$ cat work_6.cif   # mmCIF, C-alpha atoms
data_structure
#
loop_
_atom_site.group_PDB
_atom_site.id
_atom_site.type_symbol
_atom_site.label_atom_id
_atom_site.label_comp_id
_atom_site.auth_asym_id
_atom_site.auth_seq_id
_atom_site.Cartn_x
_atom_site.Cartn_y
_atom_site.Cartn_z
ATOM 1 C CA MET A 18 -31.962 -72.234 -22.928
ATOM 2 C CA CYS A 19 -29.518 -74.611 -24.543
ATOM 3 C CA GLY A 20 -26.265 -76.385 -23.795
ATOM 4 C CA SER A 21 -25.300 -79.457 -21.817
ATOM 5 C CA GLY A 22 -24.094 -77.447 -18.826
ATOM 6 C CA ALA A 23 -20.600 -78.881 -18.939
ATOM 7 C CA ASP A 24 -19.129 -75.779 -20.609
ATOM 8 C CA PRO A 25 -17.121 -73.465 -18.324
ATOM 9 C CA ILE A 26 -18.982 -70.664 -16.562
ATOM 10 C CA ALA A 27 -18.272 -67.371 -18.337
ATOM 11 C CA ASN A 28 -17.572 -64.191 -16.376
ATOM 12 C CA ASP A 29 -20.636 -62.456 -17.833
ATOM 13 C CA GLU A 30 -23.037 -65.171 -16.631
ATOM 14 C CA LEU A 31 -25.567 -64.701 -13.854
ATOM 15 C CA LEU A 32 -25.985 -67.292 -11.102
ATOM 16 C CA TYR A 33 -29.031 -68.184 -9.032
ATOM 17 C CA ARG A 34 -28.926 -69.131 -5.349
ATOM 18 C CA LYS A 35 -32.226 -70.456 -4.011
ATOM 19 C CA ILE A 36 -33.564 -69.037 -0.740
ATOM 20 C CA PRO A 37 -36.520 -70.798 0.923
ATOM 21 C CA LYS A 38 -39.509 -68.497 1.318
ATOM 22 C CA SER A 39 -39.867 -69.754 4.883
ATOM 23 C CA LYS A 40 -36.758 -67.687 5.738
ATOM 24 C CA LEU A 41 -37.208 -64.841 3.259
ATOM 25 C CA THR A 42 -38.118 -62.138 5.760
ATOM 26 C CA CYS A 43 -35.226 -63.146 8.019
ATOM 27 C CA LEU A 44 -32.515 -63.499 5.382
ATOM 28 C CA VAL A 45 -33.469 -60.671 3.048
ATOM 29 C CA THR A 46 -34.078 -57.085 4.109
ATOM 30 C CA GLU A 47 -33.748 -53.829 2.229
ATOM 31 C CA ALA A 48 -30.190 -53.711 3.602
ATOM 32 C CA GLY A 49 -29.336 -56.806 1.557
ATOM 33 C CA VAL A 50 -29.025 -60.566 1.926
ATOM 34 C CA GLU A 51 -27.592 -62.120 5.083
ATOM 35 C CA ALA A 52 -24.634 -64.481 4.805
ATOM 36 C CA GLU A 53 -26.704 -67.357 6.215
ATOM 37 C CA ALA A 54 -28.385 -67.585 2.789
ATOM 38 C CA PHE A 55 -25.072 -69.083 1.645
ATOM 39 C CA ALA A 56 -24.598 -71.511 4.514
ATOM 40 C CA PRO A 57 -24.160 -75.074 3.278
ATOM 41 C CA GLY A 58 -26.938 -77.419 4.410
ATOM 42 C CA LYS A 59 -26.551 -81.105 5.159
ATOM 43 C CA HIS A 60 -27.273 -81.948 1.510
ATOM 44 C CA ASP A 61 -24.373 -79.765 0.360
ATOM 45 C CA THR A 62 -21.798 -82.500 0.852
ATOM 46 C CA THR A 63 -19.751 -81.753 -2.268
ATOM 47 C CA GLY A 64 -20.258 -77.992 -2.491
ATOM 48 C CA LEU A 65 -22.716 -75.107 -2.320
ATOM 49 C CA SER A 66 -25.312 -75.330 -5.081
ATOM 50 C CA PHE A 67 -26.072 -72.601 -7.616
ATOM 51 C CA LEU A 68 -27.932 -72.575 -10.935
ATOM 52 C CA ARG A 69 -26.687 -70.930 -14.117
ATOM 53 C CA ALA A 70 -29.278 -68.428 -15.300
ATOM 54 C CA LYS A 71 -28.569 -69.018 -18.974
ATOM 55 C CA LEU A 72 -29.365 -72.730 -18.610
ATOM 56 C CA THR A 73 -32.159 -72.551 -16.039
ATOM 57 C CA PRO A 74 -35.619 -71.065 -16.642
ATOM 58 C CA ILE A 75 -36.554 -68.926 -13.655
ATOM 59 C CA GLY A 76 -39.697 -71.035 -13.132
ATOM 60 C CA VAL A 77 -37.484 -74.084 -12.607
ATOM 61 C CA ALA A 78 -35.170 -72.208 -10.227
ATOM 62 C CA LEU A 79 -38.125 -71.223 -8.042
ATOM 63 C CA GLN A 80 -39.151 -74.862 -7.502
ATOM 64 C CA GLY A 81 -37.646 -77.479 -5.191
ATOM 65 C CA ARG A 82 -38.091 -79.548 -2.070
ATOM 66 C CA SER A 83 -39.294 -76.702 0.141
ATOM 67 C CA LYS A 84 -43.024 -76.868 0.852
ATOM 68 C CA PHE A 85 -43.205 -73.054 0.859
ATOM 69 C CA GLY A 86 -41.317 -72.436 -2.402
ATOM 70 C CA TYR A 87 -38.319 -70.255 -3.107
ATOM 71 C CA VAL A 88 -37.053 -66.897 -4.166
ATOM 72 C CA VAL A 89 -33.751 -66.626 -5.985
ATOM 73 C CA ALA A 90 -30.756 -64.381 -5.239
ATOM 74 C CA VAL A 91 -29.022 -63.326 -8.457
ATOM 75 C CA LEU A 92 -25.213 -62.958 -8.466
ATOM 76 C CA PRO A 93 -22.726 -62.158 -11.244
ATOM 77 C CA ALA A 94 -20.155 -64.909 -11.877
ATOM 78 C CA ASP A 95 -17.362 -62.373 -12.325
ATOM 79 C CA ALA A 96 -17.872 -61.033 -8.777
ATOM 80 C CA LEU A 97 -17.175 -64.515 -7.438
ATOM 81 C CA ARG A 98 -14.106 -64.909 -9.629
ATOM 82 C CA LYS A 99 -12.735 -61.499 -8.581
ATOM 83 C CA ALA A 100 -13.231 -62.518 -4.954
ATOM 84 C CA GLY A 101 -11.292 -65.726 -5.587
ATOM 85 C CA ILE A 102 -14.294 -68.027 -5.139
ATOM 86 C CA PRO A 103 -14.111 -70.860 -7.651
ATOM 87 C CA ILE A 104 -17.398 -72.103 -9.097
ATOM 88 C CA GLU A 105 -17.625 -75.110 -11.376
ATOM 89 C CA PRO A 106 -20.378 -76.540 -13.581
ATOM 90 C CA LYS A 107 -21.889 -79.712 -12.075
ATOM 91 C CA PRO A 108 -24.784 -80.590 -14.378
ATOM 92 C CA GLU A 109 -27.342 -83.000 -12.930
ATOM 93 C CA GLN A 110 -30.045 -85.126 -14.504
ATOM 94 C CA GLY A 111 -32.770 -82.701 -15.608
ATOM 95 C CA LEU A 112 -30.800 -79.736 -14.232
ATOM 96 C CA PRO A 113 -28.033 -78.895 -16.741
ATOM 97 C CA GLY A 114 -27.436 -75.494 -15.164
ATOM 98 C CA HIS A 115 -26.415 -76.879 -11.763
ATOM 99 C CA ALA A 116 -23.072 -75.532 -10.495
ATOM 100 C CA GLU A 117 -21.158 -75.726 -7.230
ATOM 101 C CA ILE A 118 -18.667 -73.843 -5.119
ATOM 102 C CA THR A 119 -16.755 -76.950 -4.146
ATOM 103 C CA GLY A 120 -14.749 -75.250 -1.403
ATOM 104 C CA LEU A 121 -17.919 -74.491 0.550
ATOM 105 C CA SER A 122 -19.542 -77.663 1.860
ATOM 106 C CA TYR A 123 -21.332 -78.978 4.937
ATOM 107 C CA GLY A 124 -18.105 -80.587 6.125
ATOM 108 C CA ASN A 125 -16.188 -77.289 6.351
ATOM 109 C CA ARG A 126 -19.113 -75.039 7.285
ATOM 110 C CA HIS A 127 -17.395 -73.760 10.442
ATOM 111 C CA ALA A 128 -14.064 -72.900 8.788
ATOM 112 C CA ASP A 129 -12.886 -69.277 8.648
ATOM 113 C CA ARG A 130 -12.837 -69.414 4.851
ATOM 114 C CA CYS A 131 -16.480 -70.518 4.852
ATOM 115 C CA GLU A 132 -17.438 -67.427 6.886
ATOM 116 C CA GLU A 133 -15.431 -65.184 4.566
ATOM 117 C CA TRP A 134 -16.929 -66.627 1.380
ATOM 118 C CA LYS A 135 -20.456 -66.444 2.776
ATOM 119 C CA ASP A 136 -19.871 -62.736 3.459
ATOM 120 C CA LEU A 137 -18.465 -62.126 -0.032
ATOM 121 C CA LEU A 138 -21.386 -63.962 -1.625
ATOM 122 C CA ALA A 139 -23.952 -62.031 0.433
ATOM 123 C CA ARG A 140 -22.340 -58.751 -0.648
ATOM 124 C CA SER A 141 -22.421 -59.802 -4.317
ATOM 125 C CA VAL A 142 -26.185 -60.252 -4.657
ATOM 126 C CA LEU A 143 -27.642 -58.002 -7.369
ATOM 127 C CA TRP A 144 -31.340 -58.560 -6.852
ATOM 128 C CA ILE A 145 -34.007 -61.074 -5.815
ATOM 129 C CA GLU A 146 -36.193 -62.921 -8.319
ATOM 130 C CA PRO A 147 -39.101 -62.675 -9.048
ATOM 131 C CA ARG A 148 -37.896 -59.089 -9.453
ATOM 132 C CA SER A 149 -41.387 -57.803 -10.210
ATOM 133 C CA GLN A 150 -42.615 -59.030 -6.797
ATOM 134 C CA TYR A 151 -39.598 -57.735 -4.879
ATOM 135 C CA PRO A 152 -38.561 -54.446 -6.541
ATOM 136 C CA HIS A 153 -37.332 -53.158 -3.164
ATOM 137 C CA TYR A 154 -34.768 -55.982 -3.083
ATOM 138 C CA ASP A 155 -32.677 -54.659 -5.959
ATOM 139 C CA TRP A 156 -29.126 -53.523 -5.267
ATOM 140 C CA SER A 157 -27.926 -53.567 -8.878
ATOM 141 C CA GLU A 158 -28.351 -49.800 -9.243
ATOM 142 C CA PRO A 159 -27.499 -47.118 -6.712
ATOM 143 C CA SER A 160 -30.547 -46.113 -4.691
ATOM 144 C CA SER A 161 -32.184 -42.739 -5.309
ATOM 145 C CA ASP A 162 -30.687 -41.543 -2.014
ATOM 146 C CA GLU A 163 -27.209 -42.572 -3.161
ATOM 147 C CA ARG A 164 -27.753 -40.948 -6.568
ATOM 148 C CA GLU A 165 -28.947 -37.713 -4.931
ATOM 149 C CA PHE A 166 -25.981 -37.812 -2.567
ATOM 150 C CA GLY A 167 -23.610 -38.258 -5.535
ATOM 151 C CA GLN A 168 -25.263 -35.419 -7.456
ATOM 152 C CA SER A 169 -25.180 -33.078 -4.476
ATOM 153 C CA ARG A 170 -21.460 -33.824 -3.977
ATOM 154 C CA LEU A 171 -20.816 -32.991 -7.635
ATOM 155 C CA VAL A 172 -22.696 -29.689 -7.358
ATOM 156 C CA MET A 173 -20.772 -28.856 -4.166
ATOM 157 C CA ALA A 174 -17.453 -29.593 -5.891
ATOM 158 C CA ILE A 175 -18.359 -27.322 -8.848
ATOM 159 C CA VAL A 176 -19.457 -24.484 -6.533
ATOM 160 C CA LEU A 177 -16.294 -24.860 -4.446
ATOM 161 C CA ALA A 178 -14.087 -24.790 -7.562
ATOM 162 C CA ALA A 179 -15.912 -21.651 -8.804
ATOM 163 C CA VAL A 180 -15.426 -19.917 -5.434
ATOM 164 C CA ILE A 181 -11.698 -20.751 -5.392
ATOM 165 C CA ILE A 182 -11.246 -19.439 -8.963
ATOM 166 C CA ALA A 183 -13.164 -16.251 -8.097
ATOM 167 C CA MET A 184 -10.993 -15.722 -4.990
ATOM 168 C CA ILE A 185 -7.785 -16.195 -6.986
ATOM 169 C CA ALA A 186 -9.027 -13.747 -9.643
ATOM 170 C CA LEU A 187 -9.991 -11.251 -6.947
ATOM 171 C CA GLY A 188 -6.594 -11.661 -5.320
ATOM 172 C CA ILE A 189 -4.852 -10.949 -8.643
ATOM 173 C CA LEU A 190 -7.039 -7.858 -9.198
ATOM 174 C CA ILE A 191 -6.368 -6.536 -5.683
ATOM 175 C CA ALA A 192 -2.635 -7.171 -6.080
ATOM 176 C CA ALA A 193 -2.669 -5.338 -9.399
ATOM 177 C CA ALA A 194 -4.584 -2.382 -7.864
ATOM 178 C CA VAL A 195 -2.290 -2.085 -4.827
ATOM 179 C CA ASP A 196 0.947 -2.455 -6.784
ATOM 180 C CA PRO A 197 0.669 -0.081 -9.811
ATOM 181 C CA MET B 18 -9.999 -68.031 20.964
ATOM 182 C CA LYS B 19 -10.817 -65.825 23.967
ATOM 183 C CA LEU B 20 -14.021 -65.750 25.962
ATOM 184 C CA LEU B 21 -16.050 -62.542 25.713
ATOM 185 C CA THR B 22 -18.887 -61.341 27.894
ATOM 186 C CA ILE B 23 -21.936 -59.917 26.155
ATOM 187 C CA SER B 24 -21.058 -56.359 27.185
ATOM 188 C CA GLU B 25 -17.576 -56.875 25.712
ATOM 189 C CA ALA B 26 -19.208 -58.222 22.560
ATOM 190 C CA ALA B 27 -21.260 -55.055 22.250
ATOM 191 C CA GLU B 28 -18.080 -52.929 22.117
ATOM 192 C CA PRO B 29 -16.908 -53.820 18.587
ATOM 193 C CA ILE B 30 -20.488 -53.406 17.405
ATOM 194 C CA VAL B 31 -20.597 -49.892 18.848
ATOM 195 C CA GLN B 32 -17.099 -49.016 17.597
ATOM 196 C CA THR B 33 -17.612 -50.155 14.013
ATOM 197 C CA THR B 34 -20.922 -48.372 13.780
ATOM 198 C CA GLY B 35 -19.774 -45.134 15.366
ATOM 199 C CA ALA B 36 -20.786 -43.112 12.295
ATOM 200 C CA GLU B 37 -24.362 -44.115 12.960
ATOM 201 C CA LYS B 38 -24.505 -41.676 15.876
ATOM 202 C CA GLN B 39 -24.391 -38.854 13.369
ATOM 203 C CA VAL B 40 -27.331 -40.334 11.486
ATOM 204 C CA LEU B 41 -29.479 -41.044 14.505
ATOM 205 C CA GLY B 42 -28.650 -37.846 16.349
ATOM 206 C CA SER B 43 -26.760 -37.209 19.532
ATOM 207 C CA ASN B 44 -28.662 -39.795 21.547
ATOM 208 C CA PRO B 45 -29.442 -42.920 19.501
ATOM 209 C CA GLU B 46 -29.538 -45.204 22.563
ATOM 210 C CA PHE B 47 -33.296 -44.860 23.000
ATOM 211 C CA GLN B 48 -33.941 -45.929 19.405
ATOM 212 C CA HIS B 49 -31.522 -48.850 19.753
ATOM 213 C CA ARG B 50 -33.325 -50.107 22.836
ATOM 214 C CA GLU B 51 -36.670 -49.835 21.041
ATOM 215 C CA ASP B 52 -35.322 -51.828 18.090
ATOM 216 C CA TRP B 53 -33.963 -54.603 20.307
ATOM 217 C CA GLN B 54 -37.272 -54.689 22.175
ATOM 218 C CA MET B 55 -39.106 -55.239 18.884
ATOM 219 C CA ILE B 56 -36.765 -58.140 18.083
ATOM 220 C CA LEU B 57 -37.499 -59.642 21.491
ATOM 221 C CA ASP B 58 -41.268 -59.184 21.218
ATOM 222 C CA ARG B 59 -41.975 -59.799 17.559
ATOM 223 C CA GLU B 60 -39.353 -62.343 16.581
ATOM 224 C CA LEU B 61 -37.714 -64.303 19.362
ATOM 225 C CA LEU B 62 -40.866 -64.791 21.455
ATOM 226 C CA GLU B 63 -42.697 -65.939 18.319
ATOM 227 C CA TRP B 64 -39.844 -68.263 17.342
ATOM 228 C CA GLY B 65 -39.851 -69.778 20.808
ATOM 229 C CA ALA B 66 -43.583 -70.410 20.556
ATOM 230 C CA ARG B 67 -43.531 -71.745 16.974
ATOM 231 C CA PRO B 68 -39.992 -72.891 16.106
ATOM 232 C CA ASP B 69 -41.243 -75.376 13.489
ATOM 233 C CA GLN B 70 -42.074 -72.561 11.055
ATOM 234 C CA PHE B 71 -38.422 -72.718 9.966
ATOM 235 C CA ALA B 72 -38.115 -76.509 9.699
ATOM 236 C CA ASP B 73 -37.933 -76.789 5.943
ATOM 237 C CA GLU B 74 -35.926 -78.559 3.255
ATOM 238 C CA ASP B 75 -32.589 -79.265 4.923
ATOM 239 C CA SER B 76 -32.987 -76.659 7.672
ATOM 240 C CA ILE B 77 -33.552 -77.568 11.298
ATOM 241 C CA ALA B 78 -35.863 -75.364 13.376
ATOM 242 C CA PRO B 79 -34.060 -73.278 16.018
ATOM 243 C CA THR B 80 -33.749 -75.273 19.220
ATOM 244 C CA ARG B 81 -35.390 -74.002 22.407
ATOM 245 C CA LYS B 82 -31.926 -73.681 23.923
ATOM 246 C CA ALA B 83 -30.741 -71.513 21.012
ATOM 247 C CA VAL B 84 -33.816 -69.274 21.136
ATOM 248 C CA ALA B 85 -33.513 -68.927 24.907
ATOM 249 C CA THR B 86 -29.845 -67.901 24.622
ATOM 250 C CA ALA B 87 -30.644 -65.528 21.743
ATOM 251 C CA TYR B 88 -33.335 -63.951 23.935
ATOM 252 C CA GLN B 89 -30.860 -63.535 26.767
ATOM 253 C CA ILE B 90 -28.281 -61.937 24.455
ATOM 254 C CA ALA B 91 -30.857 -59.620 22.885
ATOM 255 C CA THR B 92 -32.012 -58.509 26.339
ATOM 256 C CA GLN B 93 -28.462 -57.641 27.374
ATOM 257 C CA MET B 94 -27.728 -55.918 24.058
ATOM 258 C CA ARG B 95 -30.889 -53.869 24.538
ATOM 259 C CA ASP B 96 -29.802 -52.879 28.025
ATOM 260 C CA ALA B 97 -26.342 -51.956 26.678
ATOM 261 C CA ALA B 98 -28.067 -49.889 23.918
ATOM 262 C CA ALA B 99 -25.909 -51.635 21.323
ATOM 263 C CA PRO B 100 -26.798 -50.855 17.704
ATOM 264 C CA PRO B 101 -29.479 -53.369 16.670
ATOM 265 C CA PRO B 102 -28.883 -56.076 14.072
ATOM 266 C CA MET B 103 -29.985 -55.679 10.467
ATOM 267 C CA TRP B 104 -30.819 -59.368 10.330
ATOM 268 C CA VAL B 105 -32.025 -61.887 12.910
ATOM 269 C CA THR B 106 -32.143 -65.254 11.262
ATOM 270 C CA PRO B 107 -32.404 -68.948 12.091
ATOM 271 C CA THR B 108 -29.328 -70.884 10.990
ATOM 272 C CA THR B 109 -29.559 -74.062 8.935
ATOM 273 C CA GLU B 110 -28.268 -76.046 11.916
ATOM 274 C CA GLY B 111 -30.929 -74.970 14.414
ATOM 275 C CA GLY B 112 -29.257 -71.892 15.853
ATOM 276 C CA VAL B 113 -29.921 -68.159 15.660
ATOM 277 C CA ALA B 114 -27.729 -65.459 14.092
ATOM 278 C CA PHE B 115 -27.734 -61.677 14.628
ATOM 279 C CA ALA B 116 -25.881 -59.713 11.945
ATOM 280 C CA ARG B 117 -24.897 -56.174 11.019
ATOM 281 C CA ARG B 118 -23.002 -55.058 7.941
ATOM 282 C CA ASP B 119 -21.646 -51.839 6.475
ATOM 283 C CA SER B 120 -19.319 -51.188 3.557
ATOM 284 C CA THR B 121 -16.297 -52.429 5.535
ATOM 285 C CA PHE B 122 -17.384 -54.552 8.480
ATOM 286 C CA THR B 123 -19.645 -57.521 9.044
ATOM 287 C CA ILE B 124 -20.461 -58.531 12.588
ATOM 288 C CA ARG B 125 -22.207 -61.860 13.169
ATOM 289 C CA LEU B 126 -23.232 -63.119 16.571
ATOM 290 C CA VAL B 127 -24.089 -66.776 16.116
ATOM 291 C CA VAL B 128 -25.932 -68.823 18.727
ATOM 292 C CA ARG B 129 -25.412 -72.533 18.178
ATOM 293 C CA PRO B 130 -28.138 -75.162 18.722
ATOM 294 C CA ASP B 131 -26.611 -76.095 22.100
ATOM 295 C CA GLY B 132 -26.906 -72.501 23.336
ATOM 296 C CA SER B 133 -23.210 -71.628 23.057
ATOM 297 C CA ALA B 134 -22.369 -68.532 21.039
ATOM 298 C CA GLU B 135 -19.567 -66.844 19.147
ATOM 299 C CA LEU B 136 -18.913 -63.337 17.851
ATOM 300 C CA ILE B 137 -17.411 -63.135 14.376
ATOM 301 C CA VAL B 138 -16.034 -59.815 13.102
ATOM 302 C CA LEU B 139 -15.045 -59.566 9.438
ATOM 303 C CA LYS B 140 -13.255 -56.604 7.897
ATOM 304 C CA GLU B 141 -13.540 -56.425 4.111
ATOM 305 C CA SER B 142 -14.736 -60.040 4.195
ATOM 306 C CA ARG B 143 -11.656 -61.265 6.066
ATOM 307 C CA ILE B 144 -11.925 -62.662 9.588
ATOM 308 C CA GLU B 145 -10.787 -59.950 11.978
ATOM 309 C CA SER B 146 -11.688 -61.833 15.156
ATOM 310 C CA ARG B 147 -13.672 -64.841 16.216
ATOM 311 C CA ASP B 148 -14.435 -65.211 19.911
ATOM 312 C CA GLU B 149 -16.538 -67.453 22.107
ATOM 313 C CA LEU B 150 -19.200 -65.592 24.024
ATOM 314 C CA SER B 151 -19.864 -66.227 27.698
ATOM 315 C CA VAL B 152 -23.632 -66.271 28.152
ATOM 316 C CA ASP B 153 -24.614 -66.492 31.822
#
$ encode --input "work_6.cif" --output "structure tokens"
Amino acid sequence: MCGSGADPIANDELLYRKIPKSKLTCLVTEAGVEAEAFAPGKHDTTGLSFLRAKLTPIGVALQGRSKFGYVVAVLPADALRKAGIPIEPKPEQGLPGHAEITGLSYGNRHADRCEEWKDLLARSVLWIEPRSQYPHYDWSEPSSDEREFGQSRLVMAIVLAAVIIAMIALGILIAAAVDP
Amino acid sequence: MKLLTISEAAEPIVQTTGAEKQVLGSNPEFQHREDWQMILDRELLEWGARPDQFADEDSIAPTRKAVATAYQIATQMRDAAAPPPMWVTPTTEGGVAFARRDSTFTIRLVVRPDGSAELIVLKESRIESRDELSVD
């Protein structure tokens, strides 16, 4: 962990969004993270807070004002950029990895754009930290069901292609036999 | 912004989750009602009894008015056999949100702290519609 935190956020960086444990079971299910996890609170007057993973030890990210503690949603910076959500470094005293989405603040929390960005952010979550405690909250890889579905589709496509080729070959043979 | 009744609000939820019928079988309504009933019994009743469990950091606990309205909506959604939400969550402002999401649509039914409610439908993360809900 090094750097002042003022350097621009690179596309290959990971970002942390803190989620209070008091709401964990409501906001996070195996289906994913609900958009409310990205709702600006009354302290988010200048923007929605994130932490840069490369500048923030996970132990620091899991601490804060909440009496119950936190988990952390992990998002890739490039997903935000591709979605057109600007995020800027905003280092704070003792927290060099602090960053903000300045267009998403308590003042505009009811705006249409706020709803849209919350949805995009919720869909961009890769996994929940501590990952070892929440392995079922990991959407960074396709699930085994999705993998099996993909494999079965591939097998079906191969079988279908083989059947079509066999039918064409049979057709040619029959045509050749009928027409000497 | 138009005013929707709860049964009207259930329509886009049913339409955008039509594929689910194939997953749940020809008659998913029974399962939907069971799921809503669990939300009523295990979550909203508990929240009404102990709302302070969510008062934390800069979050306000759901107000009694919001929980009461959420209960009313959930009861009517159960009776309409609407597909159940994937998330039922307190909002940071003291309201309650029900949400469903698939690869294309997100549907959020947000009850505000004063008991008023709105239905927000997003398609590919763009607002498709946003309507006030009439809860009587």
$ atom_distance --input "work_6.cif" --atom1 "CA of Val128 (chain B)" --atom2 "CA of Leu150 (chain B)"
9.2 Å
$ atom_distance --input "work_6.cif" --atom1 "CA of Leu72 (chain A)" --atom2 "CA of His115 (chain A)"
8.5 Å
$ interface_residues --input "work_6.cif" --of "chain B" --to "chain A" --cutoff "7 Å" --atoms "all atoms listed in the file" --output "PyMOL selection string"
chain B and resi 71+73-76+104-106+108-109+142-144
$ resolve_selection --input "work_6.cif" --expression "the PyMOL selection byres ((chain B and resi 147) around 7)" --output "number ranges by chain"
B: 18, 135-138, 146, 148
$ write_last_selection --input "work_6.cif" --atoms "C-alpha atoms" --output "PDB file, in the frame of the given file"
ATOM      1  CA  MET B  18      -9.999 -68.031  20.964  1.00  0.00           C
ATOM      2  CA  GLU B 135     -19.567 -66.844  19.147  1.00  0.00           C
ATOM      3  CA  LEU B 136     -18.913 -63.337  17.851  1.00  0.00           C
ATOM      4  CA  ILE B 137     -17.411 -63.135  14.376  1.00  0.00           C
ATOM      5  CA  VAL B 138     -16.034 -59.815  13.102  1.00  0.00           C
ATOM      6  CA  SER B 146     -11.688 -61.833  15.156  1.00  0.00           C
ATOM      7  CA  ASP B 148     -14.435 -65.211  19.911  1.00  0.00           C
TER       8      ASP B 148
END
$ closest_residue --input "work_6.cif" --among "B:Ala91, B:Val113, B:Leu61, B:Ala99" --to "Pro130 (chain B)" --atoms "all atoms listed in the file"
B:Val113
$ atom_distance --input "work_6.cif" --atom1 "CA of Ala97 (chain B)" --atom2 "CA of Leu57 (chain B)"
14.5 Å
$ resolve_selection --input "work_6.cif" --expression "the PyMOL selection byres ((chain B and resi 87-90) around 12)" --output "MDAnalysis selection string"
chainID B and resid 22:27 53:65 79:86 91:97 99 101:102 105:107 111:115 126:136 150:153
$ resolve_selection --input "work_6.cif" --expression "the PyMOL selection byres ((chain A and resi 93) around 8)" --output "list in words"
Asn28, Asp29, Glu30, Leu31, Leu32, Val91, Leu92, Ala94, Asp95, Ala96, Leu97, Ser141, Val142 and Leu143 of chain A
$ write_last_selection --input "work_6.cif" --atoms "C-alpha atoms" --output "short mmCIF file (atom, residue, chain, number, x, y, z; two decimals), keeping the file's coordinate frame"
data_model
loop_
_atom_site.label_atom_id
_atom_site.label_comp_id
_atom_site.auth_asym_id
_atom_site.auth_seq_id
_atom_site.Cartn_x
_atom_site.Cartn_y
_atom_site.Cartn_z
CA ASN A 28 -17.57 -64.19 -16.38
CA ASP A 29 -20.64 -62.46 -17.83
CA GLU A 30 -23.04 -65.17 -16.63
CA LEU A 31 -25.57 -64.70 -13.85
CA LEU A 32 -25.98 -67.29 -11.10
CA VAL A 91 -29.02 -63.33 -8.46
CA LEU A 92 -25.21 -62.96 -8.47
CA ALA A 94 -20.16 -64.91 -11.88
CA ASP A 95 -17.36 -62.37 -12.32
CA ALA A 96 -17.87 -61.03 -8.78
CA LEU A 97 -17.18 -64.52 -7.44
CA SER A 141 -22.42 -59.80 -4.32
CA VAL A 142 -26.18 -60.25 -4.66
CA LEU A 143 -27.64 -58.00 -7.37
#
$ axis_aligned_box --input "work_6.cif" --around "region 125-128 of chain A" --padding-each-side "3 Å" --output "lines of an AutoDock Vina configuration file"
center_x = -16.6
center_y = -75.1
center_z = 8.4
size_x = 11.0
size_y = 10.4
size_z = 10.1
$ residues_near_point --input "work_6.cif" --point "(-28.2, -47.5, 21.7)" --cutoff "6 Å" --atoms "only C-alpha atoms" --output "list in words"
Pro45, Glu46, Phe47, His49, Arg50, Ala98, Ala99 and Pro100 of chain B
$ residues_around --input "work_6.cif" --residues "Ala116 (chain A)" --least-positions-apart "5" --cutoff "9 Å" --atoms "only C-alpha atoms" --output "PyMOL selection string"
chain A and resi 22+26+32+64-69+104-109
$ write_last_selection --input "work_6.cif" --atoms "C-alpha atoms" --output "mmCIF file, in the frame of the given file"
data_model
loop_
_atom_site.group_PDB
_atom_site.id
_atom_site.type_symbol
_atom_site.label_atom_id
_atom_site.label_comp_id
_atom_site.auth_asym_id
_atom_site.auth_seq_id
_atom_site.Cartn_x
_atom_site.Cartn_y
_atom_site.Cartn_z
ATOM 1 C CA GLY A 22 -24.094 -77.447 -18.826
ATOM 2 C CA ILE A 26 -18.982 -70.664 -16.562
ATOM 3 C CA LEU A 32 -25.985 -67.292 -11.102
ATOM 4 C CA GLY A 64 -20.258 -77.992 -2.491
ATOM 5 C CA LEU A 65 -22.716 -75.107 -2.320
ATOM 6 C CA SER A 66 -25.312 -75.330 -5.081
ATOM 7 C CA PHE A 67 -26.072 -72.601 -7.616
ATOM 8 C CA LEU A 68 -27.932 -72.575 -10.935
ATOM 9 C CA ARG A 69 -26.687 -70.930 -14.117
ATOM 10 C CA ILE A 104 -17.398 -72.103 -9.097
ATOM 11 C CA GLU A 105 -17.625 -75.110 -11.376
ATOM 12 C CA PRO A 106 -20.378 -76.540 -13.581
ATOM 13 C CA LYS A 107 -21.889 -79.712 -12.075
ATOM 14 C CA PRO A 108 -24.784 -80.590 -14.378
ATOM 15 C CA GLU A 109 -27.342 -83.000 -12.930
#
$ closest_residue --input "work_6.cif" --among "A:Val88, A:Ile182, A:Ala139, A:Ile118" --to "Gly76 (chain A)" --atoms "only C-alpha atoms"
A:Val88
$ closest_residue --input "work_6.cif" --among "A:Pro152, A:Thr63, A:Val89, A:Gln80" --to "Tyr123 (chain A)" --atoms "all atoms listed in the file"
A:Thr63
